[in-house]
>>> print(open('entry-v4.cif').read())   # mmCIF, C-alpha atoms and all ligand atoms
data_query
loop_
_atom_site.label_atom_id
_atom_site.label_comp_id
_atom_site.auth_asym_id
_atom_site.auth_seq_id
_atom_site.Cartn_x
_atom_site.Cartn_y
_atom_site.Cartn_z
CA MET A 1 245.70 153.52 23.27
CA LEU A 2 246.42 152.25 19.75
CA ASN A 3 249.94 153.61 19.38
CA GLY A 4 248.88 155.95 16.63
CA GLY A 5 245.36 154.95 15.68
CA ILE A 6 243.66 152.25 13.68
CA PRO A 7 246.22 150.72 11.31
CA VAL A 8 245.53 151.75 7.70
CA GLY A 9 243.45 149.27 5.73
CA ARG A 10 242.10 147.44 8.79
CA HIS A 11 238.47 146.72 9.55
CA VAL A 12 237.28 147.37 13.06
CA ALA A 13 234.07 146.52 14.88
CA LEU A 14 232.75 149.05 17.37
CA TYR A 15 230.62 147.32 19.99
CA GLY A 16 228.19 148.99 22.30
CA GLY A 17 224.74 148.92 23.81
CA PRO A 18 222.01 151.51 23.17
CA GLY A 19 223.29 155.08 23.42
CA ALA A 20 226.85 153.91 24.06
CA GLY A 21 228.21 156.49 21.61
CA LYS A 22 228.72 154.34 18.50
CA THR A 23 227.31 156.79 15.97
CA SER A 24 229.15 159.73 17.53
CA PHE A 25 232.41 157.78 17.57
CA CYS A 26 232.09 156.83 13.88
CA PHE A 27 231.07 160.30 12.86
CA GLU A 28 234.02 161.88 14.65
CA TYR A 29 236.38 159.36 13.07
CA LEU A 30 235.17 160.39 9.62
CA TYR A 31 234.98 164.08 10.47
CA GLN A 32 238.56 164.23 11.78
CA GLY A 33 239.73 162.29 8.72
CA ALA A 34 237.93 164.67 6.37
CA LYS A 35 239.62 167.62 8.08
CA MET A 36 242.99 165.94 7.50
CA GLY A 37 242.36 165.32 3.81
CA GLU A 38 241.07 161.75 4.00
CA ASN A 39 237.63 161.54 2.46
CA GLY A 40 235.03 159.71 4.53
CA LEU A 41 231.89 157.73 3.74
CA TYR A 42 229.19 157.11 6.32
CA ILE A 43 226.93 154.22 5.38
CA SER A 44 223.88 154.49 7.56
CA LEU A 45 221.49 151.58 7.66
CA GLU A 46 219.11 153.08 10.17
CA GLU A 47 219.01 156.85 10.15
CA THR A 48 218.66 159.08 7.11
CA GLN A 49 221.39 161.54 6.12
CA GLU A 50 219.20 164.38 7.40
CA ASP A 51 218.73 162.70 10.80
CA ILE A 52 222.42 162.08 11.25
CA ILE A 53 223.44 165.62 10.31
CA GLU A 54 220.73 167.03 12.56
CA ASN A 55 221.71 164.86 15.54
CA MET A 56 225.45 165.40 15.15
CA LYS A 57 225.13 169.15 14.71
CA ASN A 58 222.81 169.48 17.69
CA SER A 59 224.96 167.32 19.95
CA PHE A 60 228.37 168.61 18.98
CA THR A 61 229.66 172.12 18.42
CA LEU A 62 232.66 170.38 16.85
CA PHE A 63 230.65 169.47 13.77
CA THR A 64 229.35 172.93 12.81
CA ASP A 65 231.08 172.86 9.41
CA THR A 66 229.66 169.44 8.47
CA SER A 67 227.54 170.86 5.63
CA GLN A 68 230.60 172.44 4.08
CA LEU A 69 232.54 169.15 4.24
CA ILE A 70 229.58 167.43 2.60
CA ALA A 71 229.36 170.10 -0.11
CA GLU A 72 233.08 169.60 -0.79
CA ARG A 73 232.48 165.82 -0.89
CA LYS A 74 235.08 165.28 1.84
CA LEU A 75 232.27 163.67 3.80
CA GLU A 76 229.48 161.58 2.32
CA ILE A 77 226.52 160.16 4.18
CA VAL A 78 224.52 157.51 2.37
CA LYS A 79 221.58 155.36 3.34
CA PRO A 80 221.41 152.35 0.98
CA GLU A 81 218.06 151.34 -0.46
CA LYS A 82 218.45 147.74 0.55
CA LEU A 83 219.67 146.19 3.78
CA ASN A 84 222.28 143.84 2.43
CA LEU A 85 226.04 143.49 2.45
CA GLU A 86 226.31 143.21 -1.32
CA GLU A 87 224.71 146.63 -1.66
CA VAL A 88 227.07 148.04 0.98
CA ALA A 89 230.10 146.52 -0.76
CA ASN A 90 229.05 147.90 -4.14
CA LEU A 91 228.45 151.30 -2.65
CA LEU A 92 231.87 151.31 -0.99
CA GLU A 93 233.64 150.21 -4.14
CA ASP A 94 231.85 152.84 -6.20
CA ARG A 95 232.59 155.70 -3.80
CA ILE A 96 236.25 154.66 -3.35
CA THR A 97 236.75 154.72 -7.10
CA SER A 98 234.91 157.94 -7.78
CA ASN A 99 235.70 159.96 -4.64
CA ASN A 100 238.91 158.48 -3.21
CA ILE A 101 237.27 157.44 0.07
CA LYS A 102 239.89 156.50 2.71
CA ARG A 103 237.70 156.01 5.78
CA ALA A 104 234.29 154.43 5.99
CA ALA A 105 231.78 153.70 8.72
CA ILE A 106 228.98 151.15 8.52
CA ASP A 107 226.25 151.77 11.09
CA SER A 108 225.19 149.09 11.94
CA ALA A 109 226.02 145.46 11.17
CA THR A 110 223.16 144.44 13.43
CA MET A 111 220.68 145.93 10.98
CA ILE A 112 222.20 143.74 8.27
CA ARG A 113 222.22 140.70 10.51
CA LEU A 114 218.51 141.12 11.12
CA SER A 115 217.88 140.88 7.40
CA PHE A 116 219.20 137.30 7.33
CA SER A 117 216.89 134.44 8.07
CA SER A 118 219.71 132.16 9.18
CA GLU A 119 222.84 132.70 11.23
CA ILE A 120 224.92 130.52 8.88
CA GLU A 121 223.95 132.65 5.90
CA TYR A 122 224.98 135.81 7.76
CA ARG A 123 228.34 134.28 8.69
CA GLN A 124 229.09 133.26 5.13
CA THR A 125 228.13 136.63 3.75
CA LEU A 126 230.17 138.44 6.40
CA PHE A 127 233.25 136.39 5.49
CA GLU A 128 232.76 137.21 1.81
CA PHE A 129 232.21 140.86 2.66
CA LEU A 130 235.44 141.00 4.68
CA SER A 131 237.51 139.43 1.89
CA LEU A 132 236.08 141.98 -0.51
CA LEU A 133 236.94 144.81 1.90
CA ARG A 134 240.52 143.58 2.11
CA ASN A 135 240.93 144.21 -1.60
CA LEU A 136 239.84 147.81 -1.22
CA ASP A 137 242.13 150.61 -0.13
CA VAL A 138 240.04 151.74 2.84
CA THR A 139 239.91 151.64 6.64
CA THR A 140 236.50 150.90 8.14
CA ILE A 141 234.60 150.95 11.41
CA THR A 142 231.44 148.86 11.62
CA THR A 143 229.15 149.28 14.59
CA VAL A 144 227.65 146.25 16.28
CA GLU A 145 224.81 146.52 18.75
CA ALA A 146 225.71 144.63 21.89
CA SER A 147 222.81 142.76 23.42
CA THR A 148 224.03 143.67 26.90
CA ALA A 149 225.63 146.74 28.47
CA LYS A 150 227.21 144.48 31.09
CA ARG A 151 230.87 143.80 30.55
CA GLU A 152 230.86 140.38 32.15
CA LEU A 153 227.91 139.21 30.04
CA MET A 154 229.46 140.22 26.72
CA GLU A 155 229.31 137.31 24.30
CA TYR A 156 231.66 136.53 21.47
CA ASP A 157 229.86 136.90 18.20
CA ILE A 158 231.09 136.01 14.75
CA GLU A 159 232.21 139.64 14.26
CA HIS A 160 234.73 139.23 17.08
CA PHE A 161 236.64 136.65 15.06
CA VAL A 162 236.50 137.97 11.52
CA MET A 163 237.23 141.62 12.18
CA ASP A 164 240.79 142.94 12.51
CA GLY A 165 239.97 144.96 15.57
CA ILE A 166 237.36 145.27 18.28
CA VAL A 167 236.64 148.38 20.32
CA ASN A 168 234.07 148.02 23.08
CA LEU A 169 232.07 150.95 24.40
CA TYR A 170 230.44 150.46 27.80
CA ASN A 171 227.80 152.29 29.75
CA LEU A 172 228.71 150.90 33.15
CA ASP A 173 226.15 150.71 35.92
CA ARG A 174 227.16 152.61 39.06
CA GLU A 175 225.06 153.15 42.14
CA ASP A 176 223.21 156.26 41.00
CA ARG A 177 224.60 156.90 37.53
CA ARG A 178 226.15 155.39 34.45
CA VAL A 179 229.79 155.74 33.59
CA ARG A 180 231.18 155.50 30.07
CA ALA A 181 234.28 153.42 29.49
CA LEU A 182 236.00 151.89 26.50
CA GLU A 183 238.57 149.24 25.80
CA ILE A 184 240.54 147.99 22.83
CA PHE A 185 239.63 144.32 22.86
CA LYS A 186 241.87 143.41 19.95
CA MET A 187 243.69 145.15 17.12
CA ARG A 188 245.65 143.14 14.61
CA GLY A 189 248.81 144.85 13.43
CA THR A 190 249.63 146.94 16.49
CA ASP A 191 250.28 146.68 20.19
CA HIS A 192 247.57 148.42 22.20
CA SER A 193 246.38 149.39 25.63
CA ARG A 194 244.50 146.67 27.47
CA ASP A 195 243.03 149.05 30.04
CA LEU A 196 239.41 149.88 30.58
CA VAL A 197 239.52 153.65 30.19
CA PRO A 198 236.84 156.24 31.02
CA PHE A 199 235.51 158.44 28.23
CA LYS A 200 233.01 161.25 27.88
CA VAL A 201 230.77 162.43 25.10
CA THR A 202 231.24 166.23 25.10
CA PRO A 203 230.11 169.00 22.74
CA SER A 204 233.67 169.13 21.39
CA GLY A 205 233.75 165.40 20.67
CA ILE A 206 234.62 162.17 22.41
CA LYS A 207 237.27 162.58 25.12
CA VAL A 208 239.17 159.51 26.29
CA TYR A 209 240.90 159.78 29.67
CA VAL A 210 243.91 157.55 29.20
CA GLY A 211 245.65 156.73 32.48
CA GLU A 212 242.57 157.43 34.59
CA LYS A 213 240.63 154.83 36.49
CA VAL A 214 236.95 154.05 35.92
CA PHE A 215 234.96 154.74 39.10
N1 LIG B 301 226.80 167.16 23.68
C1 LIG B 301 226.69 166.05 24.41
N2 LIG B 301 227.18 166.00 25.64
C2 LIG B 301 227.09 164.91 26.40
N3 LIG B 301 226.49 163.77 25.98
C3 LIG B 301 225.97 163.76 24.75
C4 LIG B 301 226.05 164.87 23.91
N4 LIG B 301 225.45 164.56 22.75
C5 LIG B 301 225.04 163.30 22.88
N5 LIG B 301 225.34 162.81 24.08
C6 LIG B 301 225.08 161.44 24.58
O1 LIG B 301 225.44 160.51 23.57
C7 LIG B 301 224.38 159.57 23.40
C8 LIG B 301 224.16 159.21 21.94
O2 LIG B 301 225.28 158.68 21.39
P1 LIG B 301 225.15 157.92 20.01
O3 LIG B 301 223.93 158.27 19.27
O4 LIG B 301 226.45 158.15 19.35
O5 LIG B 301 225.03 156.44 20.57
P2 LIG B 301 224.74 155.11 19.78
O6 LIG B 301 225.54 154.06 20.46
O7 LIG B 301 224.94 155.31 18.33
O8 LIG B 301 223.19 154.91 20.10
P3 LIG B 301 222.11 153.97 19.37
O9 LIG B 301 222.23 152.65 20.04
O10 LIG B 301 220.84 154.67 19.66
O11 LIG B 301 222.45 153.94 17.92
C9 LIG B 301 223.14 160.25 23.87
O12 LIG B 301 222.25 159.29 24.36
C10 LIG B 301 223.64 161.17 24.93
O13 LIG B 301 223.66 160.51 26.18
MG MG B 302 223.69 154.92 16.66
#
>>> encode(input="entry-v4.cif", output="structure tokens", more="lines below")
Ligand SMILES: Nc1ncnc2c1ncn2[C@@H]1O[C@H](COP(=O)(O)OP(=O)(O)OP(=O)(O)O)[C@@H](O)[C@H]1O
Ligand SMILES: [Mg+2]
Amino acid sequence: MLNGGIPVGRHVALYGGPGAGKTSFCFEYLYQGAKMGENGLYISLEETQEDIIENMKNSFTLFTDTSQLIAERKLEIVKPEKLNLEEVANLLEDRITSNNIKRAAIDSATMIRLSFSSEIEYRQTLFEFLSLLRNLDVTTITTVEASTAKRELMEYDIEHFVMDGIVNLYNLDREDRRVRALEIFKMRGTDHSRDLVPFKVTPSGIKVYVGEKVF
């Protein structure tokens, strides 16, 4: 869908409602990178390292060797003490320098947003954060909690404009079930699919059914 993946050095927002698959998506992105020799850093602002490892290992057979990747420092999971972007930026810079981190995930921006008393302050800080990220040699995915699971009610937040790319994860309402679908909303630096494509969360990872219709 992206003609070869997220362009190197870009910063992507991953949107989705509760349980949409954001954490799994980020984790798999880092895991697959780590397996290919690109060290990954997971910055978790909600769950502890133990919780994430536990959840990922229980949900996915794919991630059975996670502990080994962590022991080899190919994968790092960190929960910062404070909920602010400066702390996240410092952490990123430090880990990139000392452990050659190539991929990072920040889960979630919404947690950071909540720590601001004003919207303007958040916007300013986010802009500053993005310009700092652009000076670092890293590709990132930041999750954003969508206030609605409904596609037609999706609002454009500040993150939609400042980020290089937007991937939306949906949990669409069907008569007697929910159907997962995703779309590439924008991706600077590459042509991309504009289709709404079904996906599944499976024990062997996230499977995207390109070319299939969402029913
Ligand atoms: N092995 C599996 N097979 C099928 N579905 C699974 C499997 N493991 C997890 N899931 C589904 O994935 C969902 C969790 O995904 P994930 O935690 O990545 O979502 P999230 O968007 O990060 O959620 P939150 O909003 O709580 O942070 C679960 O609610 C469950 O429906
Ligand atoms: Mg999550």
>>> closest_residue(input="entry-v4.cif", among="A:Ile106, A:Leu136, A:Val88, A:Leu169", to="ligand LIG 301 (chain B)", atoms="all atoms listed in the file")
A:Leu169
>>> residues_near_ligand(input="entry-v4.cif", ligand="ligand LIG 301 (chain B)", cutoff="8 Å", atoms="only C-alpha atoms and all ligand atoms", output="number ranges by chain")
A: 16-26, 55-56, 58-61, 145, 200-205
>>> atom_distance(input="entry-v4.cif", atom1="atom CA of Leu75 of chain A", atom2="atom CA of Tyr42 of chain A")
7.7 Å
>>> atom_distance(input="entry-v4.cif", atom1="atom CA of Tyr31 of chain A", atom2="atom CA of Thr140 of chain A")
13.5 Å
>>> residues_around(input="entry-v4.cif", residues="Val179 of chain A", least_positions_apart="2", cutoff="12 Å", atoms="all atoms listed in the file", output="MDAnalysis selection string")
chainID A and resid 20 149:150 169:177 181:182 196:201 213:215
>>> write_last_selection(input="entry-v4.cif", atoms="C-alpha atoms", output="PDB file, in the coordinates of the input")
ATOM      1  CA  ALA A  20     226.850 153.910  24.060  1.00  0.00           C
ATOM      2  CA  ALA A 149     225.630 146.740  28.470  1.00  0.00           C
ATOM      3  CA  LYS A 150     227.210 144.480  31.090  1.00  0.00           C
ATOM      4  CA  LEU A 169     232.070 150.950  24.400  1.00  0.00           C
ATOM      5  CA  TYR A 170     230.440 150.460  27.800  1.00  0.00           C
ATOM      6  CA  ASN A 171     227.800 152.290  29.750  1.00  0.00           C
ATOM      7  CA  LEU A 172     228.710 150.900  33.150  1.00  0.00           C
ATOM      8  CA  ASP A 173     226.150 150.710  35.920  1.00  0.00           C
ATOM      9  CA  ARG A 174     227.160 152.610  39.060  1.00  0.00           C
ATOM     10  CA  GLU A 175     225.060 153.150  42.140  1.00  0.00           C
ATOM     11  CA  ASP A 176     223.210 156.260  41.000  1.00  0.00           C
ATOM     12  CA  ARG A 177     224.600 156.900  37.530  1.00  0.00           C
ATOM     13  CA  ALA A 181     234.280 153.420  29.490  1.00  0.00           C
ATOM     14  CA  LEU A 182     236.000 151.890  26.500  1.00  0.00           C
ATOM     15  CA  LEU A 196     239.410 149.880  30.580  1.00  0.00           C
ATOM     16  CA  VAL A 197     239.520 153.650  30.190  1.00  0.00           C
ATOM     17  CA  PRO A 198     236.840 156.240  31.020  1.00  0.00           C
ATOM     18  CA  PHE A 199     235.510 158.440  28.230  1.00  0.00           C
ATOM     19  CA  LYS A 200     233.010 161.250  27.880  1.00  0.00           C
ATOM     20  CA  VAL A 201     230.770 162.430  25.100  1.00  0.00           C
ATOM     21  CA  LYS A 213     240.630 154.830  36.490  1.00  0.00           C
ATOM     22  CA  VAL A 214     236.950 154.050  35.920  1.00  0.00           C
ATOM     23  CA  PHE A 215     234.960 154.740  39.100  1.00  0.00           C
TER      24      PHE A 215
END
>>> closest_residue(input="entry-v4.cif", among="A:Met163, A:Lys57, A:Glu119, A:Val144", to="ligand MG 302 (chain B)", atoms="all atoms listed in the file")
A:Val144
>>> residues_around(input="entry-v4.cif", residues="segment 189-195 of chain A", least_positions_apart="3", cutoff="10 Å", atoms="only C-alpha atoms", output="short mmCIF file (atom, residue, chain, number, x, y, z; two decimals) with C-alpha atoms, in the frame of the given file")
data_model
loop_
_atom_site.label_atom_id
_atom_site.label_comp_id
_atom_site.auth_asym_id
_atom_site.auth_seq_id
_atom_site.Cartn_x
_atom_site.Cartn_y
_atom_site.Cartn_z
CA MET A 1 245.70 153.52 23.27
CA LEU A 2 246.42 152.25 19.75
CA ASN A 3 249.94 153.61 19.38
CA GLY A 4 248.88 155.95 16.63
CA GLY A 5 245.36 154.95 15.68
CA ILE A 6 243.66 152.25 13.68
CA PRO A 7 246.22 150.72 11.31
CA VAL A 8 245.53 151.75 7.70
CA ARG A 10 242.10 147.44 8.79
CA ASP A 164 240.79 142.94 12.51
CA GLY A 165 239.97 144.96 15.57
CA ALA A 181 234.28 153.42 29.49
CA LEU A 182 236.00 151.89 26.50
CA GLU A 183 238.57 149.24 25.80
CA ILE A 184 240.54 147.99 22.83
CA PHE A 185 239.63 144.32 22.86
CA LYS A 186 241.87 143.41 19.95
CA PRO A 198 236.84 156.24 31.02
CA VAL A 210 243.91 157.55 29.20
CA GLY A 211 245.65 156.73 32.48
CA GLU A 212 242.57 157.43 34.59
CA LYS A 213 240.63 154.83 36.49
CA VAL A 214 236.95 154.05 35.92
#
>>> residues_around(input="entry-v4.cif", residues="Thr143 of chain A", least_positions_apart="5", cutoff="7 Å", atoms="only C-alpha atoms", output="list in words")
Ala13, Leu14, Tyr15, Lys22, Ile106, Asp107, Ser108 and Ala109 of chain A
>>> axis_aligned_box(input="entry-v4.cif", around="segment 12-25 of chain A", padding_each_side="6 Å", output="lines of an AutoDock Vina configuration file")
center_x = 229.6
center_y = 153.1
center_z = 18.6
size_x = 27.3
size_y = 25.2
size_z = 23.0
>>> closest_residue(input="entry-v4.cif", among="A:Glu38, A:Thr142, A:Pro80, A:Tyr122", to="ligand MG 302 (chain B)", atoms="all atoms listed in the file")
A:Thr142
>>> atom_distance(input="entry-v4.cif", atom1="atom CA of His160 of chain A", atom2="atom CA of Ala105 of chain A")
17.0 Å
>>> closest_residue(input="entry-v4.cif", among="A:Ile52, A:Met154, A:Ile43, A:Ile141", to="Tyr29 of chain A", atoms="only C-alpha atoms")
A:Ile141
>>> closest_residue(input="entry-v4.cif", among="A:Ile101, A:Leu132, A:Ile158, A:Val138", to="Ile120 of chain A", atoms="all atoms listed in the file")
A:Ile158
>>> closest_residue(input="entry-v4.cif", among="A:Thr110, A:Thr97, A:Ser67, A:Gln32", to="ligand MG 302 (chain B)", atoms="only C-alpha atoms and all ligand atoms")
A:Thr110
>>> build_atoms(input="entry-v4.cif", residues="segment 164-180 of chain A", atoms="N, CA, C and O atoms", output="short mmCIF file (atom, residue, chain, number, x, y, z; two decimals), keeping the file's coordinate frame")
data_model
loop_
_atom_site.label_atom_id
_atom_site.label_comp_id
_atom_site.auth_asym_id
_atom_site.auth_seq_id
_atom_site.Cartn_x
_atom_site.Cartn_y
_atom_site.Cartn_z
N ASP A 164 239.39 142.75 12.13
CA ASP A 164 240.79 142.94 12.51
C ASP A 164 240.91 143.53 13.91
O ASP A 164 241.89 143.31 14.61
N GLY A 165 239.91 144.30 14.28
CA GLY A 165 239.97 144.96 15.57
C GLY A 165 238.60 145.04 16.21
O GLY A 165 237.59 145.00 15.52
N ILE A 166 238.60 145.11 17.54
CA ILE A 166 237.36 145.27 18.28
C ILE A 166 237.55 146.38 19.30
O ILE A 166 238.50 146.34 20.09
N VAL A 167 236.67 147.36 19.27
CA VAL A 167 236.64 148.38 20.32
C VAL A 167 235.29 148.26 21.01
O VAL A 167 234.25 148.23 20.35
N ASN A 168 235.32 148.14 22.33
CA ASN A 168 234.07 148.02 23.08
C ASN A 168 233.75 149.33 23.81
O ASN A 168 234.62 149.89 24.48
N LEU A 169 232.53 149.78 23.66
CA LEU A 169 232.07 150.95 24.40
C LEU A 169 231.09 150.47 25.47
O LEU A 169 230.16 149.72 25.16
N TYR A 170 231.31 150.90 26.71
CA TYR A 170 230.44 150.46 27.80
C TYR A 170 229.73 151.65 28.44
O TYR A 170 230.26 152.76 28.47
N ASN A 171 228.56 151.34 28.96
CA ASN A 171 227.80 152.29 29.75
C ASN A 171 227.64 151.62 31.11
O ASN A 171 226.66 150.96 31.36
N LEU A 172 228.67 151.71 31.94
CA LEU A 172 228.71 150.90 33.15
C LEU A 172 227.73 151.39 34.21
O LEU A 172 227.54 152.59 34.39
N ASP A 173 227.14 150.44 34.89
CA ASP A 173 226.15 150.71 35.92
C ASP A 173 226.85 151.04 37.23
O ASP A 173 227.54 150.21 37.78
N ARG A 174 226.66 152.26 37.74
CA ARG A 174 227.16 152.61 39.06
C ARG A 174 225.95 152.92 39.92
O ARG A 174 224.85 153.08 39.40
N GLU A 175 226.19 153.03 41.22
CA GLU A 175 225.06 153.15 42.14
C GLU A 175 223.93 154.07 41.65
O GLU A 175 222.81 153.64 41.52
N ASP A 176 224.26 155.33 41.37
CA ASP A 176 223.21 156.26 41.00
C ASP A 176 223.45 156.91 39.64
O ASP A 176 222.91 157.95 39.33
N ARG A 177 224.30 156.30 38.84
CA ARG A 177 224.60 156.90 37.53
C ARG A 177 225.24 155.86 36.63
O ARG A 177 225.54 154.76 37.06
N ARG A 178 225.43 156.26 35.39
CA ARG A 178 226.15 155.39 34.45
C ARG A 178 227.46 156.05 34.06
O ARG A 178 227.54 157.27 33.94
N VAL A 179 228.46 155.23 33.90
CA VAL A 179 229.79 155.74 33.59
C VAL A 179 230.24 155.14 32.26
O VAL A 179 230.13 153.95 32.05
N ARG A 180 230.72 156.00 31.37
CA ARG A 180 231.18 155.50 30.07
C ARG A 180 232.63 155.04 30.17
O ARG A 180 233.45 155.70 30.79
#
